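Peer 1: After the structure tokens below, expect a handful of questions from me.
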Amino acid sequence: MIYADNAATTKMSDAAIDAMTDCMRNTYGNPSSLYEVGQRAKEVLEDARDEIIKAIGADNFREIIFTSGGSEADNQALRTAAEIGRAAGKMHIISSAFEHHAILHTLNKLEKEGFEVTYLDVHEDGLVRSEEVEAAIRPDTCLVTIMYANNEIGTIQPIREIGAICRAKGVLFHTDAVQAIGHIPVNVKDDNIDMLSASAHKFHGPKGTGFLYVRKGIKISNLIEGGAQERGKRAGTENVPGIRATAVALKDAIAHMEENDKIIRAKRDRLIAGLKEIPHSAINGDENKRLPGNVNFCFEGIEGESLLLLLDDKGIQASSGSACTSGSLDPSHVLLAIGRVHDVAHGSLRLSIDETISDEDVEYIINAVKEVVTYLRSFSPIWRDLVAGKKEFIL
Amino acid sequence: MIYADNAATTKMSDAAIDAMTDCMRNTYGNPSSLYEVGQRAKEVLEDARDEIIKAIGADNFREIIFTSGGSEADNQALRTAAEIGRAAGKMHIISSAFEHHAILHTLNKLEKEGFEVTYLDVHEDGLVRSEEVEAAIRPDTCLVTIMYANNEIGTIQPIREIGAICRAKGVLFHTDAVQAIGHIPVNVKDDNIDMLSASAHKFHGPKGTGFLYVRKGIKISNLIEGGAQERGKRAGTENVPGIRATAVALKDAIAHMEENDKIIRAKRDRLIAGLKEIPHSAINGDENKRLPGNVNFCFEGIEGESLLLLLDDKGIQASSGSACTSGSLDPSHVLLAIGRVHDVAHGSLRLSIDETISDEDVEYIINAVKEVVTYLRSFSPIWRDLVAGKKEFIL
Amino acid sequence: MALYSEKVMDHFRNPRNVGVIEDANGVGEVGNAKCGDIMKMYLKIENDIVEDVKFETFGCGSAIASSSMATEMIKGKPLSEVRELTNKAVAEALDGLPDYKMHCSVLAEEAIKSALEDYEKRKSENNS
Amino acid sequence: MALYSEKVMDHFRNPRNVGVIEDANGVGEVGNAKCGDIMKMYLKIENDIVEDVKFETFGCGSAIASSSMATEMIKGKPLSEVRELTNKAVAEALDGLPDYKMHCSVLAEEAIKSALEDYEKRKSENNS
Ligand SMILES: Cc1ncc(COP(=O)(O)O)c(C=O)c1O
Ligand SMILES: Cc1ncc(COP(=O)(O)O)c(C=O)c1O
């Protein structure tokens, strides 16, 4: 089996599993308890927080709030900015058209509460333009939220420039870095980031843990009210084993980032070159400004779900922006946002690889995709019309 | 070491740890993915949901939403009822004075949003009176939320009667059953419960998972917006290993509930009898209508934190409603709610045991507490005044 | 709990009656690329019997499986029976479809109806 | 990261100068049971030197440790020095206290100050 869907979720590293299991067995105390097993749990918790701080270039333990994942972190970040904005009478937010739904749906909710949201174009290359961010900032803008790297097409946004613009204009800047953290260098200071969301299961950590970075001095709003955990900013008994495993996984990811980057990038580029040989196909998003492991293509004349199922039969696990994989009628909002028309957006394939993939796997995938695309086109009425000249090729 | 703080958190069962580890290693897929590892994860997720449904007497898989724990479930339940209430112009909520902070702090937030909350008295025995619930219900009441069993003093509320009253009056009824689930029989149908919160780490399951039961037909509001997980009612990649371990732990707890209940109850009663021998002490909460493992006492003339630290030195891990253990100045709101005055409330001890405790442990605890209380009283200026007759004994 | 039943997967993996009938006397195409599903049915009808049927489909696994199953269900059948074919029957023959995929069986029914209409139209044109 | 430093735990577990001085010439009590902390200091002062000191405390671990440390810091010391004792010095001597426990060191300082006042008052009463 070749697992090529690391953007959906990753397999936990053995080190993270071991750390988690050890902690579940031996450090089961509640960190709020003052006896020994409790204080040991607290120590594990705070050590993990220190690791996370180091990993993202922060410097204060008060700047990290552990959450149940990326979605919760995104929700809390936006809620925090909204409360600050509301209090200041600033009800305008800037975002992009291809954010994750954890951002988009929360923005929809805020729009219902009276906020106005500008969704910036992400252009054909899948990149937000920092000039356009600057131009969109108004006196009543309380937040700019732009993802670090897109989860479908992997394009890496000009975060540092956007951050600098926001800092200069005195506007809060949040980035959903769920796909970036552990994969490419992220430094909240150098990047001028005020708030950042991360999710552990995207970097070989456990599911159900993530964190929110909030720069010192920003008043955090709760999403979950209750006990005094996380300095009163996020209630609920801390998931100590999960948090420890998160820190272990992130430390590992960063320690091996450079070497893994080289390996993954080479395979990614080979995959891209191989798939480009398929006629009437196109890569989605800028070919270079993308995550080292992300490959995303559209193939004209076929539909993504059937492509995935046939690849699954060949032992390849991948994903698609096809509407059919999500139960909706519209294909991925990300592909639509970069200007792919519906017909073509339905026929997309995302391969997100990690460093464990072999050269043979890569060649196997290229051949399998070629084969399956050819097969599906062989009885596609659209393809017949395209070939017969009854319809014009888009790609 | 004797761990006697199971109300704070429990040690995970070996079965739950094994289920979790196995799942982390082998079923790492994202349940939203349509290939094989994804669909296997989905299967594990839905099997777990089925187990939970059975465990609480529900009958529809749509009635369970997995959350990151009890606090999130409490927040979402209250948010759900509030939205329904607001839409219907019903802005009154009934609760009790000694709910968990996940409830109380959310209620405070709702009060700021315009809701009116009646906090019912819990009387000296730590019990809400169902007649008082009935009397408090008004035409504009949208929710009654009363915990199943209190987390500090373990008193079990007349949930079935309250549920019947709410059902008859057409008012939504939520119960925070975090301390009850897995320890005493709970059946959402028999108990007329509309919404119920639970947290896995209180029944030997993992930290960072819990669930919210919402009876079919009630429109659920999101706390976390984003992806379509949990039928769109709770976004975030599902913590499949944690959810599986939750189901395993709960199934186990229920399978052994009857036998464990007998064992634990006998030890609890011996503990109570032993501690009663300490002069000027008193049990907190009704002696019988309490969780099988809960023992809670006040000892006059001493302070709880120093008691806990000295017990910790003797290898006993327990908890207190002392202000000093929480970093606040006020002692436990629960003890104040049952009418303990501040002086006495500071000197409390909670022992919450499980079935693994031995008879020797029980005797050891009794002797240790006697010893430590006597020691602390020996240099307590309050105790001196009490003994000298300068102050009157309260207990 | 696989996404699809074994039957669906079988028809998806080994679709029956795939292709084109060059001398079809009834052809129907339904769906549109925008929604991600297009089904095209070719019928060869003789003496009010579906002597041959083939399909082409652009669409997801259940769309391909529904097309395949539908062609099997009508092949060799008299038109009177073919006209009675419902999407529910197709879905049932596949041992069920996920709720949000039922529209694929609807497309199959519609594709056949559309091909039948084409056949009737051609017939009446030939007769006139 | 234990809750308390080793020093705090040592003074909590083995408090120095616990008890009562029956013939104390300066006694101070501060805090109140409502807040969960009462500290009582007994001083035996001779020739402007704290010849003996004992304490009784109702309170948490850091309250007991602060009392104990404070008594050690003033025992045998001239009043001029005792008057300079600050809560910060007590906390530092304990290798620090958690932020929300600093008030325990404040109580210790206040208890000593209160006992000194009592001593001064008695002295002036005796002198008059
Ligand atoms: C009664 C009660 N409700 C809610 C909670 C919150 O649960 P969690 O810490 O898992 O969020 C707890 C435990 O802390 C509890 O005892
Ligand atoms: C960019 C991005 N943001 C947010 C999320 C949400 O993370 P989680 O599923 O851990 O809540 C994801 C992944 O699903 C993501 O890719």
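Residue numbers start at 1 in each chain; chains themselves are named A, B, ... in the order of the structure tokens; ligands are numbered from 1 in the order shown.
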Given a cut-off of 9 Å, which residues of chain A touch chain C, counting only C-alpha atoms, written out as number ranges by chain?
Peer 2: A: 301-307, 309-310, 313, 322-325, 327-331, 341-347, 376-383
Peer 1: Considering only alpha helix (DSSP H) as DSSP defines it on the backbone, what residues of segment 149-209 of chain B qualify? List them as a PyMOL selection string.
Peer 2: chain B and resi 159-169
Peer 1: Quick one: chain C onto chain D, least squares on all Cα paired in order, result as a short mmCIF file (atom, residue, chain, number, x, y, z; two decimals) with N, CA and C atoms, in the first residue's frame?
Peer 2:
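Final output, part-v7.cif:
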data_model
loop_
_atom_site.label_atom_id
_atom_site.label_comp_id
_atom_site.auth_asym_id
_atom_site.auth_seq_id
_atom_site.Cartn_x
_atom_site.Cartn_y
_atom_site.Cartn_z
N MET C 1 8.98 20.03 37.64
CA MET C 1 8.28 21.22 38.10
C MET C 1 7.32 20.86 39.23
N ALA C 2 7.88 20.65 40.40
CA ALA C 2 7.00 20.44 41.54
C ALA C 2 6.33 21.77 41.83
N LEU C 3 5.22 21.69 42.56
CA LEU C 3 4.50 22.90 42.92
C LEU C 3 5.41 23.83 43.71
N TYR C 4 6.14 23.25 44.66
CA TYR C 4 7.00 24.04 45.55
C TYR C 4 8.46 23.63 45.41
N SER C 5 9.33 24.54 45.78
CA SER C 5 10.76 24.25 45.79
C SER C 5 11.05 23.23 46.90
N GLU C 6 12.22 22.62 46.81
CA GLU C 6 12.67 21.70 47.85
C GLU C 6 12.69 22.39 49.22
N LYS C 7 13.14 23.65 49.20
CA LYS C 7 13.23 24.42 50.46
C LYS C 7 11.86 24.57 51.10
N VAL C 8 10.87 24.93 50.28
CA VAL C 8 9.52 25.09 50.81
C VAL C 8 9.06 23.76 51.42
N MET C 9 9.28 22.69 50.65
CA MET C 9 8.81 21.39 51.13
C MET C 9 9.53 20.99 52.41
N ASP C 10 10.82 21.32 52.50
CA ASP C 10 11.57 20.99 53.71
C ASP C 10 10.98 21.72 54.91
N HIS C 11 10.74 23.02 54.75
CA HIS C 11 10.19 23.78 55.88
C HIS C 11 8.74 23.40 56.17
N PHE C 12 8.04 22.97 55.13
CA PHE C 12 6.67 22.53 55.37
C PHE C 12 6.66 21.20 56.14
N ARG C 13 7.54 20.29 55.69
CA ARG C 13 7.55 18.97 56.32
C ARG C 13 8.15 18.99 57.72
N ASN C 14 9.16 19.85 57.88
CA ASN C 14 9.85 19.92 59.17
C ASN C 14 9.88 21.36 59.65
N PRO C 15 8.72 21.87 59.99
CA PRO C 15 8.70 23.29 60.34
C PRO C 15 9.54 23.55 61.59
N ARG C 16 10.35 24.63 61.52
CA ARG C 16 11.18 25.03 62.66
C ARG C 16 10.35 25.94 63.58
N ASN C 17 10.64 25.84 64.84
CA ASN C 17 10.06 26.77 65.82
C ASN C 17 8.53 26.73 65.89
N VAL C 18 8.00 25.55 65.80
CA VAL C 18 6.55 25.41 65.92
C VAL C 18 6.16 25.44 67.38
N GLY C 19 5.06 26.11 67.67
CA GLY C 19 4.54 26.03 69.02
C GLY C 19 4.23 27.37 69.64
N VAL C 20 4.26 27.39 70.96
CA VAL C 20 3.81 28.53 71.72
C VAL C 20 4.92 28.93 72.68
N ILE C 21 5.10 30.24 72.91
CA ILE C 21 5.98 30.68 74.01
C ILE C 21 5.06 31.23 75.08
N GLU C 22 5.01 30.51 76.19
CA GLU C 22 4.04 30.90 77.23
C GLU C 22 4.32 32.31 77.76
N ASP C 23 5.60 32.64 77.91
CA ASP C 23 5.91 33.96 78.47
C ASP C 23 6.41 34.92 77.39
N ALA C 24 5.80 34.80 76.21
CA ALA C 24 6.19 35.70 75.12
C ALA C 24 5.90 37.14 75.51
N ASN C 25 6.74 38.06 75.06
CA ASN C 25 6.44 39.46 75.34
C ASN C 25 6.04 40.22 74.06
N GLY C 26 5.80 39.46 73.01
CA GLY C 26 5.24 40.05 71.78
C GLY C 26 4.50 38.96 71.03
N VAL C 27 3.20 39.14 70.80
CA VAL C 27 2.41 38.13 70.10
C VAL C 27 1.61 38.82 68.99
N GLY C 28 1.66 38.23 67.79
CA GLY C 28 0.90 38.82 66.69
C GLY C 28 0.13 37.76 65.94
N GLU C 29 -1.08 38.08 65.55
CA GLU C 29 -1.86 37.13 64.75
C GLU C 29 -2.41 37.87 63.53
N VAL C 30 -2.21 37.33 62.36
CA VAL C 30 -2.74 37.96 61.14
C VAL C 30 -3.46 36.93 60.29
N GLY C 31 -4.16 37.44 59.27
CA GLY C 31 -4.94 36.57 58.39
C GLY C 31 -6.29 36.26 59.00
N ASN C 32 -7.12 35.54 58.29
CA ASN C 32 -8.36 35.10 58.89
C ASN C 32 -8.84 33.79 58.27
N ALA C 33 -9.60 33.10 59.04
CA ALA C 33 -10.00 31.75 58.64
C ALA C 33 -10.81 31.77 57.36
N LYS C 34 -11.50 32.87 57.14
CA LYS C 34 -12.32 32.98 55.94
C LYS C 34 -11.47 32.80 54.69
N CYS C 35 -10.27 33.44 54.73
CA CYS C 35 -9.39 33.34 53.57
C CYS C 35 -8.52 32.09 53.61
N GLY C 36 -8.59 31.37 54.72
CA GLY C 36 -7.86 30.11 54.76
C GLY C 36 -6.44 30.21 55.27
N ASP C 37 -6.06 31.32 55.88
CA ASP C 37 -4.70 31.47 56.41
C ASP C 37 -4.73 32.25 57.71
N ILE C 38 -4.23 31.66 58.78
CA ILE C 38 -4.01 32.43 60.00
C ILE C 38 -2.61 32.11 60.51
N MET C 39 -1.86 33.15 60.82
CA MET C 39 -0.52 32.95 61.35
C MET C 39 -0.41 33.67 62.68
N LYS C 40 0.18 32.98 63.65
CA LYS C 40 0.34 33.57 64.98
C LYS C 40 1.82 33.45 65.35
N MET C 41 2.42 34.58 65.71
CA MET C 41 3.85 34.61 66.05
C MET C 41 4.02 34.95 67.53
N TYR C 42 4.88 34.21 68.19
CA TYR C 42 5.20 34.47 69.59
C TYR C 42 6.67 34.89 69.65
N LEU C 43 6.95 36.08 70.22
CA LEU C 43 8.34 36.53 70.33
C LEU C 43 8.73 36.64 71.81
N LYS C 44 9.95 36.26 72.08
CA LYS C 44 10.53 36.51 73.41
C LYS C 44 11.73 37.41 73.14
N ILE C 45 11.56 38.70 73.46
CA ILE C 45 12.60 39.67 73.13
C ILE C 45 13.32 40.09 74.41
N GLU C 46 14.64 40.05 74.34
CA GLU C 46 15.42 40.53 75.47
C GLU C 46 16.57 41.36 74.95
N ASN C 47 16.77 42.53 75.53
CA ASN C 47 17.85 43.42 75.11
C ASN C 47 17.82 43.69 73.60
N ASP C 48 16.59 43.94 73.14
CA ASP C 48 16.41 44.23 71.71
C ASP C 48 16.89 43.10 70.80
N ILE C 49 16.87 41.91 71.35
CA ILE C 49 17.23 40.76 70.53
C ILE C 49 16.12 39.71 70.64
N VAL C 50 15.80 39.10 69.50
CA VAL C 50 14.78 38.05 69.52
C VAL C 50 15.43 36.78 70.08
N GLU C 51 15.23 36.58 71.36
CA GLU C 51 15.86 35.42 71.99
C GLU C 51 15.16 34.13 71.60
N ASP C 52 13.85 34.24 71.45
CA ASP C 52 13.12 33.03 71.03
C ASP C 52 11.91 33.45 70.19
N VAL C 53 11.50 32.53 69.30
CA VAL C 53 10.34 32.79 68.45
C VAL C 53 9.68 31.46 68.16
N LYS C 54 8.36 31.49 68.19
CA LYS C 54 7.61 30.29 67.80
C LYS C 54 6.37 30.73 67.01
N PHE C 55 5.82 29.77 66.26
CA PHE C 55 4.63 30.13 65.49
C PHE C 55 3.59 29.01 65.52
N GLU C 56 2.37 29.44 65.25
CA GLU C 56 1.28 28.52 64.96
C GLU C 56 0.63 28.99 63.67
N THR C 57 0.35 28.05 62.78
CA THR C 57 -0.25 28.46 61.50
C THR C 57 -1.36 27.51 61.08
N PHE C 58 -2.45 28.13 60.66
CA PHE C 58 -3.53 27.42 59.97
C PHE C 58 -3.39 27.88 58.52
N GLY C 59 -3.06 26.97 57.64
CA GLY C 59 -2.91 27.44 56.26
C GLY C 59 -2.25 26.40 55.38
N CYS C 60 -1.99 26.80 54.15
CA CYS C 60 -1.50 25.87 53.15
C CYS C 60 0.00 25.63 53.33
N GLY C 61 0.54 24.79 52.49
CA GLY C 61 1.94 24.42 52.60
C GLY C 61 2.87 25.62 52.62
N SER C 62 2.63 26.57 51.76
CA SER C 62 3.56 27.70 51.70
C SER C 62 3.36 28.64 52.88
N ALA C 63 2.18 28.63 53.47
CA ALA C 63 1.96 29.46 54.66
C ALA C 63 2.77 28.89 55.81
N ILE C 64 2.72 27.57 55.96
CA ILE C 64 3.48 26.93 57.03
C ILE C 64 4.98 27.10 56.79
N ALA C 65 5.40 26.91 55.54
CA ALA C 65 6.82 27.06 55.23
C ALA C 65 7.29 28.49 55.42
N SER C 66 6.46 29.44 55.05
CA SER C 66 6.84 30.85 55.20
C SER C 66 6.98 31.21 56.68
N SER C 67 6.08 30.72 57.49
CA SER C 67 6.16 30.99 58.93
C SER C 67 7.47 30.42 59.47
N SER C 68 7.72 29.17 59.10
CA SER C 68 8.91 28.50 59.61
C SER C 68 10.17 29.25 59.19
N MET C 69 10.25 29.58 57.93
CA MET C 69 11.44 30.27 57.42
C MET C 69 11.60 31.64 58.10
N ALA C 70 10.49 32.32 58.24
CA ALA C 70 10.56 33.66 58.85
C ALA C 70 11.08 33.58 60.28
N THR C 71 10.62 32.56 61.02
CA THR C 71 11.11 32.45 62.40
C THR C 71 12.62 32.19 62.41
N GLU C 72 13.09 31.37 61.52
CA GLU C 72 14.53 31.10 61.45
C GLU C 72 15.30 32.37 61.14
N MET C 73 14.72 33.20 60.28
CA MET C 73 15.43 34.40 59.82
C MET C 73 15.54 35.47 60.91
N ILE C 74 14.67 35.40 61.91
CA ILE C 74 14.72 36.45 62.92
C ILE C 74 15.26 35.97 64.26
N LYS C 75 15.36 34.68 64.41
CA LYS C 75 15.78 34.15 65.72
C LYS C 75 17.22 34.58 66.02
N GLY C 76 17.39 35.18 67.17
CA GLY C 76 18.72 35.63 67.60
C GLY C 76 19.13 36.95 66.98
N LYS C 77 18.24 37.54 66.19
CA LYS C 77 18.60 38.78 65.48
C LYS C 77 18.18 40.01 66.28
N PRO C 78 18.94 41.10 66.18
CA PRO C 78 18.54 42.37 66.82
C PRO C 78 17.29 42.93 66.16
N LEU C 79 16.49 43.62 66.92
CA LEU C 79 15.22 44.15 66.41
C LEU C 79 15.43 45.02 65.17
N SER C 80 16.54 45.76 65.15
CA SER C 80 16.80 46.63 63.99
C SER C 80 16.77 45.79 62.70
N GLU C 81 17.36 44.62 62.77
CA GLU C 81 17.37 43.75 61.58
C GLU C 81 15.98 43.14 61.35
N VAL C 82 15.34 42.74 62.43
CA VAL C 82 14.04 42.08 62.31
C VAL C 82 13.03 43.01 61.64
N ARG C 83 13.13 44.28 62.00
CA ARG C 83 12.19 45.26 61.41
C ARG C 83 12.36 45.38 59.90
N GLU C 84 13.55 45.03 59.41
CA GLU C 84 13.83 45.16 57.98
C GLU C 84 13.36 43.94 57.17
N LEU C 85 12.95 42.91 57.86
CA LEU C 85 12.59 41.68 57.14
C LEU C 85 11.40 41.93 56.20
N THR C 86 11.60 41.55 54.93
CA THR C 86 10.50 41.73 53.97
C THR C 86 9.97 40.37 53.53
N ASN C 87 8.78 40.39 52.98
CA ASN C 87 8.21 39.14 52.49
C ASN C 87 9.05 38.60 51.34
N LYS C 88 9.63 39.51 50.56
CA LYS C 88 10.46 39.07 49.44
C LYS C 88 11.66 38.26 49.92
N ALA C 89 12.24 38.74 51.01
CA ALA C 89 13.39 38.03 51.57
C ALA C 89 12.98 36.63 52.02
N VAL C 90 11.80 36.54 52.62
CA VAL C 90 11.32 35.22 53.06
C VAL C 90 11.13 34.31 51.85
N ALA C 91 10.47 34.85 50.83
CA ALA C 91 10.21 34.05 49.63
C ALA C 91 11.53 33.63 48.98
N GLU C 92 12.46 34.55 48.92
CA GLU C 92 13.76 34.21 48.32
C GLU C 92 14.48 33.14 49.11
N ALA C 93 14.42 33.26 50.40
CA ALA C 93 15.08 32.27 51.25
C ALA C 93 14.48 30.89 51.03
N LEU C 94 13.23 30.87 50.58
CA LEU C 94 12.56 29.60 50.30
C LEU C 94 12.79 29.14 48.86
N ASP C 95 13.69 29.81 48.17
CA ASP C 95 13.93 29.55 46.75
C ASP C 95 12.67 29.82 45.93
N GLY C 96 11.93 30.82 46.35
CA GLY C 96 10.79 31.25 45.55
C GLY C 96 9.48 30.57 45.92
N LEU C 97 8.39 31.27 45.62
CA LEU C 97 7.04 30.75 45.83
C LEU C 97 6.27 30.97 44.53
N PRO C 98 5.29 30.13 44.25
CA PRO C 98 4.45 30.41 43.07
C PRO C 98 3.79 31.79 43.22
N ASP C 99 3.59 32.45 42.12
CA ASP C 99 3.01 33.81 42.14
C ASP C 99 1.82 33.93 43.10
N TYR C 100 0.88 33.00 42.94
CA TYR C 100 -0.37 33.14 43.69
C TYR C 100 -0.21 32.71 45.15
N LYS C 101 1.02 32.38 45.54
CA LYS C 101 1.28 32.02 46.93
C LYS C 101 2.14 33.08 47.62
N MET C 102 2.48 34.14 46.91
CA MET C 102 3.34 35.18 47.50
C MET C 102 2.67 35.78 48.74
N HIS C 103 1.35 35.79 48.75
CA HIS C 103 0.65 36.39 49.89
C HIS C 103 0.98 35.67 51.20
N CYS C 104 1.43 34.40 51.09
CA CYS C 104 1.80 33.68 52.31
C CYS C 104 3.04 34.31 52.93
N SER C 105 3.98 34.73 52.09
CA SER C 105 5.19 35.38 52.63
C SER C 105 4.83 36.74 53.21
N VAL C 106 3.83 37.37 52.58
CA VAL C 106 3.37 38.67 53.11
C VAL C 106 2.79 38.47 54.51
N LEU C 107 2.02 37.40 54.66
CA LEU C 107 1.46 37.12 55.99
C LEU C 107 2.56 36.95 57.03
N ALA C 108 3.63 36.25 56.63
CA ALA C 108 4.73 36.02 57.57
C ALA C 108 5.34 37.35 58.00
N GLU C 109 5.59 38.22 57.04
CA GLU C 109 6.13 39.54 57.36
C GLU C 109 5.18 40.27 58.30
N GLU C 110 3.91 40.24 57.95
CA GLU C 110 2.92 40.96 58.75
C GLU C 110 2.78 40.38 60.16
N ALA C 111 2.88 39.08 60.25
CA ALA C 111 2.74 38.45 61.58
C ALA C 111 3.88 38.92 62.49
N ILE C 112 5.08 38.99 61.94
CA ILE C 112 6.23 39.46 62.73
C ILE C 112 6.04 40.93 63.10
N LYS C 113 5.63 41.73 62.12
CA LYS C 113 5.42 43.16 62.39
C LYS C 113 4.37 43.32 63.50
N SER C 114 3.32 42.52 63.40
CA SER C 114 2.25 42.61 64.37
C SER C 114 2.75 42.23 65.76
N ALA C 115 3.59 41.20 65.85
CA ALA C 115 4.14 40.79 67.15
C ALA C 115 5.07 41.87 67.69
N LEU C 116 5.83 42.49 66.79
CA LEU C 116 6.73 43.57 67.21
C LEU C 116 5.92 44.75 67.77
N GLU C 117 4.83 45.06 67.08
CA GLU C 117 3.97 46.15 67.56
C GLU C 117 3.45 45.84 68.95
N ASP C 118 3.03 44.61 69.13
CA ASP C 118 2.52 44.17 70.43
C ASP C 118 3.62 44.37 71.49
N TYR C 119 4.83 43.99 71.11
CA TYR C 119 5.97 44.14 72.03
C TYR C 119 6.16 45.60 72.39
N GLU C 120 6.17 46.47 71.38
CA GLU C 120 6.38 47.91 71.63
C GLU C 120 5.26 48.44 72.53
N LYS C 121 4.05 48.00 72.21
CA LYS C 121 2.91 48.48 72.98
C LYS C 121 3.05 48.09 74.45
N ARG C 122 3.34 46.81 74.67
CA ARG C 122 3.51 46.35 76.05
C ARG C 122 4.61 47.13 76.74
N LYS C 123 5.71 47.36 76.00
CA LYS C 123 6.84 48.06 76.61
C LYS C 123 6.41 49.45 77.04
N SER C 124 5.74 50.16 76.14
CA SER C 124 5.35 51.54 76.48
C SER C 124 4.32 51.54 77.61
N GLU C 125 3.46 50.50 77.64
CA GLU C 125 2.50 50.40 78.75
C GLU C 125 3.24 50.16 80.06
N ASN C 126 4.25 49.27 80.04
CA ASN C 126 5.03 48.98 81.24
C ASN C 126 5.78 50.22 81.71
N ASN C 127 6.29 50.97 80.75
CA ASN C 127 7.07 52.16 81.08
C ASN C 127 6.21 53.28 81.66
N SER C 128 4.96 53.30 81.26
CA SER C 128 4.12 54.42 81.67
C SER C 128 3.55 54.22 83.06
#
Peer 1: Which chains and residue numbers are within 7 Å of ligand 1, counting only C-alpha atoms and all ligand atoms, if I want them as a compact mmCIF listing (two decimals) with N, CA and C atoms, in the first residue's frame?
Peer 2:
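Written output follows (pocket.txt):
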# COMPACT_ATOMS: atom_id res chain seq x y z
N ALA A 235 -10.92 25.72 28.64
CA ALA A 235 -11.29 24.81 29.72
C ALA A 235 -11.24 23.36 29.26
N GLY A 236 -11.14 22.47 30.23
CA GLY A 236 -11.13 21.04 29.94
C GLY A 236 -9.84 20.41 30.43
N THR A 237 -9.97 19.26 31.10
CA THR A 237 -8.78 18.56 31.57
C THR A 237 -7.84 18.36 30.39
N ALA B 7 -12.08 11.07 40.83
CA ALA B 7 -13.03 12.09 40.35
C ALA B 7 -12.30 13.17 39.56
N ALA B 8 -11.00 13.34 39.82
CA ALA B 8 -10.21 14.32 39.06
C ALA B 8 -9.87 13.73 37.70
N GLY B 69 -14.11 16.48 25.17
CA GLY B 69 -14.23 16.24 26.61
C GLY B 69 -15.53 16.76 27.18
N GLY B 70 -15.63 16.72 28.49
CA GLY B 70 -16.85 17.14 29.16
C GLY B 70 -17.11 18.63 29.04
N SER B 71 -16.06 19.42 29.12
CA SER B 71 -16.25 20.88 29.08
C SER B 71 -16.83 21.29 27.73
N GLU B 72 -16.25 20.78 26.66
CA GLU B 72 -16.78 21.14 25.34
C GLU B 72 -18.23 20.68 25.20
N ASP B 74 -20.44 20.29 27.54
CA ASP B 74 -21.28 21.19 28.34
C ASP B 74 -21.51 22.52 27.60
N GLU B 99 -23.07 23.48 40.05
CA GLU B 99 -22.65 22.85 38.79
C GLU B 99 -21.14 23.02 38.59
N HIS B 100 -20.63 22.25 37.67
CA HIS B 100 -19.22 22.39 37.28
C HIS B 100 -19.03 23.75 36.60
N ALA B 102 -17.68 24.43 33.90
CA ALA B 102 -17.98 24.40 32.46
C ALA B 102 -19.43 24.83 32.22
N MET B 147 -26.63 18.77 37.04
CA MET B 147 -25.65 17.70 36.89
C MET B 147 -26.19 16.39 37.46
N ALA B 149 -24.34 13.83 38.89
CA ALA B 149 -23.71 13.63 40.20
C ALA B 149 -22.66 14.72 40.36
N ASN B 150 -22.57 15.24 41.56
CA ASN B 150 -21.62 16.33 41.77
C ASN B 150 -20.18 15.81 41.80
N ASN B 151 -19.26 16.60 41.24
CA ASN B 151 -17.88 16.14 41.14
C ASN B 151 -17.12 16.23 42.45
N ASP B 176 -25.19 17.27 33.03
CA ASP B 176 -23.76 17.04 32.99
C ASP B 176 -23.53 15.73 33.75
N ALA B 177 -23.35 14.65 32.99
CA ALA B 177 -23.24 13.33 33.61
C ALA B 177 -21.78 12.86 33.64
N VAL B 178 -20.86 13.81 33.60
CA VAL B 178 -19.44 13.48 33.54
C VAL B 178 -19.02 12.56 34.69
N GLN B 179 -19.55 12.80 35.88
CA GLN B 179 -19.15 11.97 37.03
C GLN B 179 -19.98 10.70 37.15
N SER B 199 -17.35 12.57 29.71
CA SER B 199 -15.92 12.76 29.47
C SER B 199 -15.21 11.44 29.75
N HIS B 201 -12.11 10.44 30.30
CA HIS B 201 -11.05 10.23 31.29
C HIS B 201 -11.59 10.06 32.70
N LYS B 207 -7.86 10.97 28.00
CA LYS B 207 -8.09 12.40 28.13
C LYS B 207 -8.31 13.00 26.74
N GLY B 208 -9.09 14.05 26.69
CA GLY B 208 -9.27 14.73 25.41
C GLY B 208 -10.35 14.12 24.53
N GLY B 210 -14.71 13.03 24.72
CA GLY B 210 -15.95 12.99 25.46
C GLY B 210 -17.06 12.96 24.43
Peer 1: Have a look at atom CA of Gly274 of chain A and atom CA of Lys289 of chain A and let me know their distance in Å, one decimal.
Peer 2: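 These two atoms are separated by 18.9 Å.
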Peer 1: For chain B, report every residue with an atom at most 8 Å from chain A (counting only C-alpha atoms), formatted as JSON, numbers by chain.
Peer 2: {"B": [8, 9, 10, 11, 12, 17, 21, 24, 25, 28, 29, 30, 32, 33, 34, 35, 36, 68, 69, 70, 71, 72, 75, 100, 101, 102, 103, 104, 105, 106, 206, 207, 208, 223, 224, 225, 226, 227, 235, 236, 237, 238, 239, 240, 241, 242, 308, 309, 312, 317, 318, 319, 325, 326]}
